[in-house]
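Text of my_file-v5.txt (compact mmCIF, C-alpha atoms and all ligand atoms) as supplied:
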# COMPACT_ATOMS: atom_id res chain seq x y z
CA MET A 1 -5.98 -8.38 -42.47
CA ARG A 2 -7.48 -10.28 -39.55
CA LYS A 3 -5.43 -11.33 -36.54
CA LEU A 4 -5.12 -15.12 -36.71
CA GLN A 5 -3.31 -16.52 -33.71
CA ASN A 6 -5.25 -19.33 -32.03
CA LEU A 7 -7.54 -21.23 -34.38
CA LEU A 8 -10.27 -23.71 -33.47
CA VAL A 9 -10.92 -26.01 -36.41
CA THR A 10 -14.00 -28.21 -36.02
CA GLY A 11 -14.09 -31.48 -37.94
CA GLY A 12 -10.35 -31.28 -38.54
CA SER A 13 -9.99 -35.07 -38.71
CA GLY A 14 -12.28 -35.31 -41.73
CA PHE A 15 -11.36 -35.01 -45.38
CA ILE A 16 -11.31 -31.24 -46.00
CA GLY A 17 -10.65 -30.15 -42.40
CA SER A 18 -7.47 -32.25 -42.25
CA HIS A 19 -6.24 -30.78 -45.53
CA PHE A 20 -6.94 -27.31 -44.20
CA ILE A 21 -4.89 -27.89 -41.04
CA ARG A 22 -2.05 -29.46 -43.04
CA TYR A 23 -2.14 -26.55 -45.51
CA VAL A 24 -2.07 -23.83 -42.84
CA LEU A 25 0.77 -25.40 -40.86
CA THR A 26 2.94 -26.45 -43.79
CA LYS A 27 2.23 -24.01 -46.62
CA THR A 28 1.45 -20.59 -45.12
CA ASP A 29 3.33 -18.11 -42.92
CA PHE A 30 0.96 -18.79 -39.97
CA THR A 31 2.89 -18.91 -36.69
CA GLY A 32 0.05 -19.52 -34.23
CA ASN A 33 -1.67 -22.58 -32.81
CA ILE A 34 -4.47 -24.88 -33.96
CA VAL A 35 -6.94 -26.84 -31.87
CA ASN A 36 -8.87 -29.53 -33.73
CA LEU A 37 -12.22 -30.48 -32.14
CA ASP A 38 -13.56 -33.66 -33.70
CA LYS A 39 -16.03 -36.30 -32.57
CA LEU A 40 -14.33 -38.96 -34.72
CA THR A 41 -17.48 -40.26 -36.33
CA TYR A 42 -17.06 -42.95 -38.99
CA ALA A 43 -15.73 -40.13 -41.25
CA GLY A 44 -13.18 -38.72 -38.80
CA ASN A 45 -9.77 -40.32 -38.99
CA PRO A 46 -6.83 -39.28 -36.78
CA ALA A 47 -4.54 -41.01 -39.28
CA ASN A 48 -5.21 -38.11 -41.67
CA LEU A 49 -3.11 -35.88 -39.41
CA ALA A 50 -0.82 -38.36 -37.63
CA ASP A 51 2.30 -36.87 -39.24
CA ILE A 52 1.17 -33.32 -38.42
CA ALA A 53 0.51 -34.25 -34.77
CA ALA A 54 4.05 -35.67 -34.58
CA ARG A 55 5.65 -32.70 -36.36
CA TYR A 56 3.86 -29.82 -34.56
CA PRO A 57 3.35 -31.09 -30.98
CA GLY A 58 3.31 -27.58 -29.45
CA ARG A 59 1.17 -25.95 -32.10
CA TYR A 60 -1.38 -28.63 -32.92
CA THR A 61 -3.77 -29.96 -30.27
CA PHE A 62 -6.44 -32.58 -30.83
CA VAL A 63 -9.57 -32.59 -28.67
CA HIS A 64 -11.90 -35.57 -29.01
CA GLY A 65 -15.42 -34.22 -28.55
CA ASP A 66 -18.74 -33.09 -29.93
CA ILE A 67 -19.50 -29.58 -31.23
CA CYS A 68 -22.93 -29.97 -29.57
CA ASP A 69 -21.23 -30.05 -26.13
CA ARG A 70 -21.47 -26.39 -25.11
CA ASP A 71 -19.40 -26.68 -21.92
CA LEU A 72 -16.58 -28.33 -23.84
CA VAL A 73 -16.68 -25.75 -26.65
CA GLN A 74 -16.69 -22.82 -24.21
CA ASN A 75 -13.85 -24.36 -22.27
CA ILE A 76 -11.74 -24.72 -25.44
CA LEU A 77 -12.47 -21.14 -26.53
CA GLU A 78 -11.35 -19.83 -23.15
CA THR A 79 -8.38 -22.03 -22.26
CA HIS A 80 -6.81 -21.85 -25.73
CA GLY A 81 -7.54 -18.12 -26.19
CA ILE A 82 -9.27 -18.85 -29.50
CA ASP A 83 -9.66 -15.82 -31.80
CA THR A 84 -10.96 -17.64 -34.90
CA VAL A 85 -13.24 -20.63 -35.46
CA ILE A 86 -13.23 -22.45 -38.79
CA HIS A 87 -16.25 -24.72 -38.78
CA PHE A 88 -15.91 -27.82 -40.99
CA ALA A 89 -17.58 -30.39 -38.72
CA ALA A 90 -20.68 -31.86 -40.31
CA GLU A 91 -22.42 -34.96 -41.44
CA SER A 92 -21.48 -34.62 -45.09
CA HIS A 93 -22.83 -37.51 -47.18
CA VAL A 94 -26.08 -36.98 -49.10
CA ASP A 95 -26.95 -40.71 -49.34
CA ARG A 96 -26.62 -41.13 -45.57
CA SER A 97 -28.83 -38.08 -45.02
CA ILE A 98 -31.58 -39.74 -47.07
CA HIS A 99 -31.50 -42.89 -44.93
CA GLY A 100 -30.89 -41.22 -41.55
CA PRO A 101 -31.48 -37.47 -41.37
CA ALA A 102 -31.50 -37.14 -37.56
CA GLU A 103 -27.70 -36.94 -37.20
CA PHE A 104 -27.67 -34.22 -39.87
CA VAL A 105 -30.14 -32.07 -37.97
CA GLN A 106 -28.22 -32.67 -34.75
CA THR A 107 -24.68 -31.92 -35.90
CA ASN A 108 -25.22 -29.57 -38.82
CA ILE A 109 -27.93 -27.39 -37.28
CA LEU A 110 -27.72 -27.80 -33.50
CA GLY A 111 -23.94 -28.15 -33.56
CA THR A 112 -23.58 -24.91 -35.51
CA PHE A 113 -26.02 -23.23 -33.12
CA THR A 114 -23.92 -24.37 -30.14
CA LEU A 115 -20.74 -22.99 -31.67
CA LEU A 116 -22.39 -19.65 -32.48
CA GLU A 117 -23.76 -19.32 -28.96
CA SER A 118 -20.37 -20.16 -27.48
CA CYS A 119 -18.63 -17.55 -29.65
CA LEU A 120 -21.22 -14.98 -28.66
CA GLU A 121 -20.67 -15.77 -25.00
CA ALA A 122 -16.93 -15.24 -25.46
CA GLN A 123 -17.65 -11.95 -27.23
CA ARG A 124 -19.84 -10.84 -24.30
CA GLN A 125 -16.94 -11.63 -21.97
CA GLY A 126 -14.66 -9.35 -23.99
CA ARG A 127 -13.00 -12.04 -26.13
CA PRO A 128 -14.18 -11.38 -29.72
CA ILE A 129 -14.02 -14.36 -32.07
CA HIS A 130 -14.29 -14.50 -35.86
CA PHE A 131 -16.43 -17.40 -37.12
CA HIS A 132 -15.89 -18.86 -40.59
CA HIS A 133 -18.60 -21.26 -41.73
CA ILE A 134 -17.81 -23.91 -44.34
CA SER A 135 -20.86 -24.51 -46.49
CA THR A 136 -21.68 -26.10 -49.81
CA ASP A 137 -23.02 -25.23 -53.26
CA GLU A 138 -25.83 -27.74 -52.63
CA VAL A 139 -27.78 -25.10 -50.64
CA TYR A 140 -28.62 -23.42 -53.97
CA GLY A 141 -30.47 -26.48 -55.29
CA SER A 142 -30.18 -27.86 -58.80
CA LEU A 143 -29.34 -26.07 -62.07
CA GLY A 144 -30.70 -26.75 -65.56
CA GLU A 145 -28.34 -26.99 -68.52
CA THR A 146 -27.20 -23.38 -68.23
CA GLY A 147 -26.44 -20.84 -65.51
CA TYR A 148 -24.22 -20.71 -62.43
CA PHE A 149 -24.62 -20.35 -58.68
CA THR A 150 -23.60 -16.89 -57.49
CA GLU A 151 -23.60 -15.58 -53.91
CA THR A 152 -27.06 -14.06 -54.56
CA THR A 153 -28.71 -17.21 -55.95
CA PRO A 154 -31.75 -17.94 -53.74
CA TYR A 155 -31.41 -20.96 -51.46
CA ASP A 156 -33.35 -24.05 -52.63
CA PRO A 157 -31.97 -27.11 -50.80
CA ARG A 158 -33.47 -30.46 -51.79
CA SER A 159 -31.86 -33.19 -49.67
CA PRO A 160 -31.86 -33.56 -45.87
CA TYR A 161 -28.10 -32.85 -46.06
CA SER A 162 -28.38 -29.64 -48.06
CA ALA A 163 -31.41 -28.51 -46.03
CA SER A 164 -29.40 -28.91 -42.82
CA LYS A 165 -26.46 -27.00 -44.32
CA ALA A 166 -28.78 -24.24 -45.55
CA ALA A 167 -30.32 -23.97 -42.07
CA SER A 168 -26.86 -23.61 -40.54
CA ASP A 169 -25.92 -20.90 -43.08
CA HIS A 170 -29.03 -18.94 -42.09
CA LEU A 171 -28.15 -19.24 -38.41
CA VAL A 172 -24.63 -17.94 -39.05
CA ARG A 173 -25.94 -14.88 -40.94
CA ALA A 174 -28.59 -14.24 -38.29
CA TRP A 175 -25.98 -14.28 -35.49
CA HIS A 176 -24.05 -11.65 -37.44
CA HIS A 177 -26.98 -9.36 -38.22
CA THR A 178 -28.71 -9.69 -34.86
CA TYR A 179 -25.85 -10.05 -32.38
CA GLY A 180 -22.93 -8.54 -34.29
CA LEU A 181 -20.86 -11.73 -34.38
CA SER A 182 -17.98 -11.42 -36.85
CA ILE A 183 -18.54 -14.02 -39.56
CA THR A 184 -17.66 -15.10 -43.09
CA LEU A 185 -19.07 -17.99 -45.12
CA SER A 186 -17.90 -20.02 -48.08
CA ASN A 187 -19.96 -22.28 -50.34
CA CYS A 188 -17.76 -24.72 -52.20
CA SER A 189 -18.32 -27.23 -54.98
CA ASN A 190 -17.37 -30.95 -54.89
CA ASN A 191 -13.88 -31.58 -53.52
CA TYR A 192 -11.60 -34.51 -54.35
CA GLY A 193 -8.06 -35.54 -53.39
CA PRO A 194 -6.06 -37.68 -50.93
CA TYR A 195 -7.61 -38.81 -47.60
CA HIS A 196 -11.13 -38.78 -49.09
CA PHE A 197 -13.41 -41.25 -47.30
CA PRO A 198 -14.39 -43.98 -49.77
CA GLU A 199 -18.15 -43.44 -49.63
CA LYS A 200 -18.04 -40.47 -52.06
CA LEU A 201 -17.98 -40.99 -55.82
CA ILE A 202 -14.28 -40.45 -56.64
CA PRO A 203 -12.58 -42.49 -53.87
CA LEU A 204 -15.29 -45.14 -54.08
CA ALA A 205 -14.92 -45.57 -57.85
CA LEU A 206 -11.12 -45.41 -57.63
CA LEU A 207 -10.82 -48.11 -54.98
CA ARG A 208 -13.33 -50.34 -56.74
CA LEU A 209 -11.41 -49.99 -60.02
CA LEU A 210 -8.16 -50.87 -58.25
CA ASN A 211 -9.86 -53.99 -56.89
CA ARG A 212 -11.50 -54.73 -60.26
CA GLN A 213 -15.00 -54.42 -58.74
CA GLU A 214 -18.13 -52.95 -60.35
CA VAL A 215 -18.44 -49.16 -60.13
CA PRO A 216 -22.01 -48.01 -59.38
CA VAL A 217 -23.18 -44.99 -61.40
CA TYR A 218 -26.53 -43.58 -60.33
CA GLY A 219 -29.30 -43.09 -62.91
CA ASP A 220 -28.09 -42.18 -66.40
CA GLY A 221 -24.69 -40.89 -65.18
CA LYS A 222 -25.36 -37.48 -66.69
CA ASN A 223 -25.66 -35.52 -63.43
CA ILE A 224 -23.03 -32.80 -63.36
CA ARG A 225 -20.74 -31.75 -60.53
CA ASP A 226 -18.10 -28.99 -60.48
CA TRP A 227 -14.89 -30.58 -59.11
CA LEU A 228 -12.17 -28.83 -57.11
CA TYR A 229 -8.88 -30.26 -55.81
CA VAL A 230 -9.13 -30.12 -52.01
CA GLU A 231 -5.95 -28.08 -51.48
CA ASP A 232 -7.40 -25.32 -53.66
CA HIS A 233 -10.35 -25.20 -51.26
CA ALA A 234 -8.00 -24.90 -48.26
CA ASP A 235 -6.16 -22.07 -50.00
CA ALA A 236 -9.44 -20.23 -50.69
CA VAL A 237 -10.58 -20.54 -47.06
CA TRP A 238 -7.23 -19.25 -45.84
CA LEU A 239 -7.55 -16.20 -48.11
CA ILE A 240 -11.09 -15.49 -46.89
CA LEU A 241 -9.97 -15.79 -43.28
CA ASN A 242 -7.19 -13.30 -43.82
CA ARG A 243 -8.83 -10.83 -46.16
CA GLY A 244 -12.51 -11.67 -46.67
CA GLN A 245 -15.04 -9.01 -45.78
CA THR A 246 -16.85 -9.59 -42.52
CA GLY A 247 -20.48 -10.63 -43.05
CA GLU A 248 -19.83 -11.78 -46.63
CA SER A 249 -20.16 -15.13 -48.41
CA TYR A 250 -17.79 -16.42 -51.08
CA ASN A 251 -18.52 -19.13 -53.63
CA ILE A 252 -15.56 -21.43 -54.35
CA GLY A 253 -15.32 -23.57 -57.48
CA GLY A 254 -12.84 -24.55 -60.13
CA ASN A 255 -14.88 -24.15 -63.35
CA ASN A 256 -14.56 -27.89 -63.72
CA GLU A 257 -17.93 -29.30 -64.69
CA ARG A 258 -18.08 -33.01 -65.52
CA THR A 259 -20.87 -35.57 -65.80
CA ASN A 260 -20.46 -38.43 -63.35
CA LEU A 261 -19.89 -40.77 -66.27
CA GLU A 262 -17.05 -38.53 -67.55
CA VAL A 263 -15.48 -38.58 -64.09
CA VAL A 264 -15.65 -42.36 -63.85
CA LYS A 265 -14.33 -42.83 -67.40
CA THR A 266 -11.41 -40.50 -66.68
CA LEU A 267 -10.69 -42.57 -63.58
CA CYS A 268 -10.78 -45.75 -65.69
CA ARG A 269 -8.16 -44.27 -68.01
CA LEU A 270 -5.91 -42.96 -65.23
CA VAL A 271 -6.08 -46.18 -63.22
CA ALA A 272 -5.29 -48.16 -66.38
CA GLU A 273 -2.31 -45.87 -67.12
CA GLU A 274 -0.98 -45.94 -63.56
CA THR A 275 -1.34 -49.73 -63.14
CA SER A 276 -0.55 -50.92 -66.69
CA GLY A 277 -4.16 -52.07 -66.94
CA ASP A 278 -6.54 -52.20 -69.87
CA VAL A 279 -8.91 -49.22 -70.09
CA ALA A 280 -11.60 -51.21 -71.95
CA GLU A 281 -11.60 -53.82 -69.14
CA MET A 282 -11.94 -51.00 -66.59
CA GLU A 283 -14.87 -49.45 -68.43
CA LYS A 284 -16.68 -52.80 -68.42
CA LEU A 285 -16.88 -52.40 -64.62
CA ILE A 286 -19.15 -49.33 -64.94
CA THR A 287 -22.62 -50.38 -63.78
CA PHE A 288 -25.71 -48.18 -63.95
CA VAL A 289 -27.76 -48.54 -60.76
CA LYS A 290 -30.99 -47.09 -59.32
CA ASP A 291 -30.89 -43.31 -59.04
CA ARG A 292 -30.47 -41.40 -55.77
CA PRO A 293 -33.90 -40.10 -54.64
CA GLY A 294 -34.23 -36.38 -55.42
CA HIS A 295 -30.85 -36.45 -57.19
CA ASP A 296 -29.79 -32.87 -58.04
CA ARG A 297 -29.01 -32.66 -61.75
CA ARG A 298 -26.31 -30.04 -62.05
CA TYR A 299 -24.14 -27.85 -59.79
CA ALA A 300 -21.85 -25.14 -61.17
CA ILE A 301 -20.19 -22.35 -59.25
CA ASP A 302 -19.47 -18.85 -60.48
CA PRO A 303 -16.26 -18.03 -58.53
CA GLN A 304 -15.94 -14.47 -59.83
CA LYS A 305 -16.33 -12.76 -56.45
CA ILE A 306 -13.46 -14.59 -54.72
CA GLN A 307 -11.34 -14.27 -57.84
CA THR A 308 -11.77 -10.51 -58.27
CA GLU A 309 -11.98 -9.47 -54.59
CA LEU A 310 -9.33 -11.78 -53.16
CA GLY A 311 -7.33 -12.86 -56.21
CA TRP A 312 -7.99 -16.57 -55.64
CA LYS A 313 -7.60 -19.05 -58.49
CA ALA A 314 -7.70 -22.85 -58.53
CA ARG A 315 -4.15 -24.12 -59.05
CA HIS A 316 -4.91 -27.69 -60.10
CA ASN A 317 -6.63 -28.71 -63.29
CA PHE A 318 -8.84 -31.79 -63.12
CA GLU A 319 -6.56 -34.16 -65.01
CA GLU A 320 -3.46 -33.42 -62.90
CA GLY A 321 -5.43 -33.29 -59.62
CA LEU A 322 -7.05 -36.62 -60.36
CA ARG A 323 -3.77 -38.27 -61.40
CA LYS A 324 -2.18 -37.04 -58.14
CA THR A 325 -5.14 -38.54 -56.28
CA VAL A 326 -4.87 -41.91 -58.06
CA ARG A 327 -1.15 -42.07 -57.24
CA TRP A 328 -1.77 -41.15 -53.61
CA TYR A 329 -4.28 -44.00 -53.17
CA LEU A 330 -1.90 -46.41 -54.89
CA GLU A 331 0.96 -45.38 -52.61
CA ASN A 332 -1.12 -45.39 -49.44
CA GLN A 333 -2.73 -48.82 -49.49
CA GLU A 334 -2.14 -49.21 -45.77
CA TRP A 335 -4.18 -46.08 -45.06
CA VAL A 336 -6.90 -47.42 -47.34
CA GLN A 337 -6.94 -50.75 -45.49
CA ALA A 338 -7.00 -49.00 -42.11
CA VAL A 339 -9.93 -46.83 -43.19
CA GLN A 340 -11.81 -49.78 -44.62
CA ASN A 341 -11.23 -51.78 -41.40
CA GLY A 342 -11.83 -48.78 -39.12
CA ASP A 343 -8.42 -49.67 -37.66
CA TYR A 344 -6.78 -46.23 -37.50
CA ARG A 345 -5.03 -46.57 -34.17
CA THR A 346 -2.94 -49.57 -35.16
CA TRP A 347 -1.94 -47.70 -38.29
CA ILE A 348 -0.91 -44.59 -36.37
CA HIS A 349 0.99 -46.65 -33.81
CA ARG A 350 2.91 -48.48 -36.52
CA HIS A 351 3.92 -45.26 -38.27
CA TYR A 352 4.28 -42.72 -35.50
CA GLY A 353 4.43 -44.66 -32.22
CA GLY A 354 2.36 -43.64 -29.22
P1 LIG A 401 -16.14 -35.44 -43.68
O1 LIG A 401 -17.40 -36.21 -43.52
O2 LIG A 401 -14.98 -36.05 -44.34
O3 LIG A 401 -15.63 -34.94 -42.24
C1 LIG A 401 -16.49 -34.43 -41.26
C2 LIG A 401 -15.72 -34.38 -39.95
O4 LIG A 401 -16.58 -33.81 -38.95
C3 LIG A 401 -15.28 -35.76 -39.45
O5 LIG A 401 -13.95 -35.71 -38.99
C4 LIG A 401 -16.25 -36.03 -38.29
O6 LIG A 401 -15.70 -36.88 -37.29
C5 LIG A 401 -16.49 -34.62 -37.77
N1 LIG A 401 -17.77 -34.49 -37.04
C6 LIG A 401 -18.99 -34.94 -37.43
N2 LIG A 401 -19.90 -34.66 -36.49
C7 LIG A 401 -19.24 -34.01 -35.48
C8 LIG A 401 -19.65 -33.47 -34.24
N3 LIG A 401 -20.92 -33.51 -33.83
N4 LIG A 401 -18.71 -32.86 -33.47
C9 LIG A 401 -17.41 -32.79 -33.87
N5 LIG A 401 -16.97 -33.33 -35.02
C10 LIG A 401 -17.88 -33.92 -35.83
O7 LIG A 401 -16.58 -34.09 -44.40
P2 LIG A 401 -15.81 -33.22 -45.49
O8 LIG A 401 -16.09 -33.78 -46.82
O9 LIG A 401 -14.41 -33.01 -45.03
O10 LIG A 401 -16.63 -31.86 -45.36
C11 LIG A 401 -16.23 -30.86 -44.41
C12 LIG A 401 -17.15 -29.67 -44.52
O11 LIG A 401 -17.13 -29.16 -45.85
C13 LIG A 401 -18.62 -30.00 -44.24
O12 LIG A 401 -19.18 -28.93 -43.53
C14 LIG A 401 -19.25 -30.11 -45.63
O13 LIG A 401 -20.61 -29.76 -45.58
C15 LIG A 401 -18.44 -29.09 -46.40
N6 LIG A 401 -18.29 -29.32 -47.85
C16 LIG A 401 -17.83 -30.53 -48.31
C17 LIG A 401 -17.62 -30.67 -49.68
C18 LIG A 401 -17.10 -31.98 -50.23
O14 LIG A 401 -17.01 -32.11 -51.47
N7 LIG A 401 -16.71 -32.95 -49.43
C19 LIG A 401 -17.87 -29.62 -50.55
C20 LIG A 401 -18.36 -28.41 -50.04
C21 LIG A 401 -18.54 -28.27 -48.67
O1 LIG A 402 -21.33 -30.12 -53.98
C1 LIG A 402 -20.69 -30.20 -52.74
C2 LIG A 402 -21.08 -31.50 -52.05
O2 LIG A 402 -20.40 -32.54 -52.75
C3 LIG A 402 -20.73 -31.53 -50.57
O3 LIG A 402 -21.48 -30.55 -49.91
C4 LIG A 402 -21.02 -32.91 -49.97
O4 LIG A 402 -20.57 -32.95 -48.63
C5 LIG A 402 -20.24 -33.94 -50.77
O5 LIG A 402 -20.54 -35.23 -50.29
C6 LIG A 402 -20.60 -33.85 -52.25
O6 LIG A 402 -21.97 -34.26 -52.49
P1 LIG A 402 -22.39 -35.14 -53.76
O7 LIG A 402 -23.64 -35.83 -53.47
O8 LIG A 402 -22.30 -34.34 -55.01
O9 LIG A 402 -21.11 -36.16 -53.76
P2 LIG A 402 -21.03 -37.74 -53.99
O10 LIG A 402 -19.59 -38.06 -54.15
O11 LIG A 402 -21.84 -38.51 -53.02
O12 LIG A 402 -21.71 -37.91 -55.41
C7 LIG A 402 -21.22 -37.24 -56.57
C8 LIG A 402 -22.11 -37.58 -57.72
O13 LIG A 402 -21.93 -38.97 -58.05
C9 LIG A 402 -23.59 -37.45 -57.43
O14 LIG A 402 -24.25 -36.98 -58.60
C10 LIG A 402 -24.05 -38.85 -57.08
C11 LIG A 402 -23.14 -39.71 -57.92
N1 LIG A 402 -22.76 -41.03 -57.36
C12 LIG A 402 -22.30 -41.10 -56.09
C13 LIG A 402 -21.90 -42.29 -55.54
C14 LIG A 402 -21.42 -42.37 -54.11
C15 LIG A 402 -22.81 -42.17 -58.16
O15 LIG A 402 -23.21 -42.10 -59.35
N2 LIG A 402 -22.40 -43.36 -57.62
C16 LIG A 402 -21.96 -43.48 -56.34
O16 LIG A 402 -21.63 -44.60 -55.90
Translate this file's structure into structure tokens.
Amino acid sequence: MRKLQNLLVTGGSGFIGSHFIRYVLTKTDFTGNIVNLDKLTYAGNPANLADIAARYPGRYTFVHGDICDRDLVQNILETHGIDTVIHFAAESHVDRSIHGPAEFVQTNILGTFTLLESCLEAQRQGRPIHFHHISTDEVYGSLGETGYFTETTPYDPRSPYSASKAASDHLVRAWHHTYGLSITLSNCSNNYGPYHFPEKLIPLALLRLLNRQEVPVYGDGKNIRDWLYVEDHADAVWLILNRGQTGESYNIGGNNERTNLEVVKTLCRLVAEETSGDVAEMEKLITFVKDRPGHDRRYAIDPQKIQTELGWKARHNFEEGLRKTVRWYLENQEWVQAVQNGDYRTWIHRHYGG
């Protein structure tokens, strides 16, 4: 078991990072402190953790800043006595990486480099730090109709996003092998759940269905993704942090392969059920549009290693996870509006003061 007392979470105001912080503080026996370093890009939303900030004022600290700012990172590591870094911060959307790759190289590669160098500096000063790197299944490339990604599948990234994530994974491993930095990595499949920024397929389709707008499906809609409820990802990362072997990678996935068209049709049915709508009317909104350039055909994770070594198992099946997600978006229309308007601060003020 690793000692986990003072955690630095990067990108903790984003979708998965905020779930991770919420999970650790509310659902585990962790008694230490968490610092969240986030630049608050378009994807970072303090509203995702407004209730947590109000509930854990002594144990949760937010720092607004960039992981590429080495002085800031070193200062946080020292003043907060950080023993563990969990690195979520990234530019995360494939479509954006196709239109503007520079930010991806900057944050995903140089930002990771800055964090690694800062941890190494702390180690040299006698303050060892464990570094957990959050990566993606996309580094392995695209599968045909059969087969699964395992931890030994060769890297074959195909988009600027996945190439930048692959580069950062290589840096993390190199800092372990060359400089002896304590590290673990995880490569997860597609997440979904509450607080998901509505540029990704599930929240985008869901909100468009609720507003009775067309839902864009790329290409023939037969690309396959392996979906995991976001809290199951947080649970897996927590297990790896506590008991994962130093230097090792773990693949995380829920054995939940679906074509994009299946996902959207399931959403049509759930939205119809939850809003007393007509499923056939919903399905009429599905619109096939031009394909994403270089669109990976299929991702599928083999999660055997984390299951057998650490006893992890996804707790949510797709149907119940997706229904929970639909209900959350229906019940949190104000959050949705605030995200769509970029008006988080008014929202936080209204709900939590300050
Ligand atoms: P997200 O886009 O929702 O959040 C990213 C967060 O990082 C935001 O809060 C943003 O403000 C912050 N950030 C961006 N650049 C920064 C910088 N330079 N300095 C500090 N903060 C910065 O992303 P997500 O979907 O929550 O993904 C989190 C991590 O998980 C990423 O590393 C991503 O590659 C990985 N991942 C995501 C998925 C998925 O399905 N979303 C699956 C597997 C792995
Ligand atoms: O596999 C893990 C990855 O999953 C993460 O590393 C990325 O950060 C995350 O964004 C996600 O990448 P994808 O490209 O798979 O997710 P996205 O939601 O953008 O798209 C899912 C699938 O749906 C993909 O095949 C493209 C398709 N799509 C997407 C959008 C936004 C559509 O058909 N229509 C759309 O409007």
Q: Return as a PyMOL selection string every polymer residue, whether protein, DNA or RNA, with at least one atom no more than 9 Å from an atom of ligand LIG 402 (chain A); count all atoms listed in the file.
A: chain A and resi 90-95+135-139+161-162+165+187-192+198-205+215-227+259-261+263-264+288-289+291-292+295-300
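Closest to ligand LIG 401 (chain A) among A:Gln123, A:Asn45, A:Asn317, A:Gln74 is A:Asn45, based on all atoms listed in the file.
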Q: Grab the atom CA of Ile76 of chain A to atom CA of Asp343 of chain A distance for me, in Å with one decimal place.
A: 28.0 Å
(Q) I'd like the contact shell of Gln333 of chain A - 12 Å cut-off, all atoms listed in the file, skipping same-chain residues fewer than 5 positions apart - returned as a ChimeraX atom specification. (A) /A:194-195,207,210-211,326-328,338-340,347
(Q) What does the structure give for the distance between atom CA of Val24 of chain A and atom N5 of ligand LIG 401 (chain A), in Å to one decimal? (A) 19.3 Å
**Q.** Ile240 of chain A environment, 12 Å, all atoms listed in the file, sequence neighbours closer than 3 positions dropped, as a ChimeraX atom specification
**A.** /A:1-2,4,86,130-134,183-187,233-237,243-252,305-307,309-312
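Counting only C-alpha atoms and all ligand atoms, the residue from A:Ser142, A:Asn255, A:Thr112, A:Thr275 that sits nearest to ligand LIG 401 (chain A) is A:Thr112.
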Q: Would you kindly return, as a list in words, each protein, DNA or RNA residue with an atom no farther than 6 Å from any atom of segment 60-72 of chain A, considering only C-alpha atoms and excluding same-chain residues fewer than 5 positions away?
A: Ile34, Val35, Asn36, Leu37, Asp38, Lys39, Gly111 and Thr114 of chain A
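The nearest approach to Tyr140 of chain A among the residues A:Thr153, A:Thr28, A:Gln304, A:Asn48, with only C-alpha atoms taken into account, belongs to A:Thr153.
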Mind checking which residues fall within 8 Å of segment 322-324 of chain A, counting all atoms listed in the file, ignoring those fewer than 5 positions away in the same chain, and posting them as a PDB file with C-alpha atoms, in the coordinates of the input?
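That gives us part-v6.pdb:
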ATOM      1  CA  TYR A 192     -11.600 -34.510 -54.350  1.00  0.00           C
ATOM      2  CA  GLY A 193      -8.060 -35.540 -53.390  1.00  0.00           C
ATOM      3  CA  LEU A 267     -10.690 -42.570 -63.580  1.00  0.00           C
ATOM      4  CA  LEU A 270      -5.910 -42.960 -65.230  1.00  0.00           C
TER       5      LEU A 270
END
Q | For Ile301 of chain A: contacts at 6 Å, all atoms listed in the file, fewer than 6 positions along chain excluded, given as a PyMOL selection string | A | chain A and resi 148-149+253
Output C-alpha atoms for every residue in the selection just made, as a PDB file, in the coordinates of the input.
ATOM      1  CA  TYR A 148     -24.220 -20.710 -62.430  1.00  0.00           C
ATOM      2  CA  PHE A 149     -24.620 -20.350 -58.680  1.00  0.00           C
ATOM      3  CA  GLY A 253     -15.320 -23.570 -57.480  1.00  0.00           C
TER       4      GLY A 253
END
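The two atoms in question, atom P1 of ligand LIG 401 (chain A) and atom CA of Phe15 of chain A, are spaced 5.1 Å apart.
Nearest residue to ligand LIG 401 (chain A), choosing from A:His80, A:His87, A:Arg315, A:His351 and counting only C-alpha atoms and all ligand atoms: A:His87.
Restricting the calculation to all atoms listed in the file, the smallest distance between Phe104 of chain A and any of A:Ser168, A:Thr79, A:Thr287, A:Ser182 is found for A:Ser168.
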Q | Distance criterion (all atoms listed in the file): nearest to ligand LIG 401 (chain A) out of A:Lys3, A:Lys265, A:His196, A:Arg158 | A | A:His196
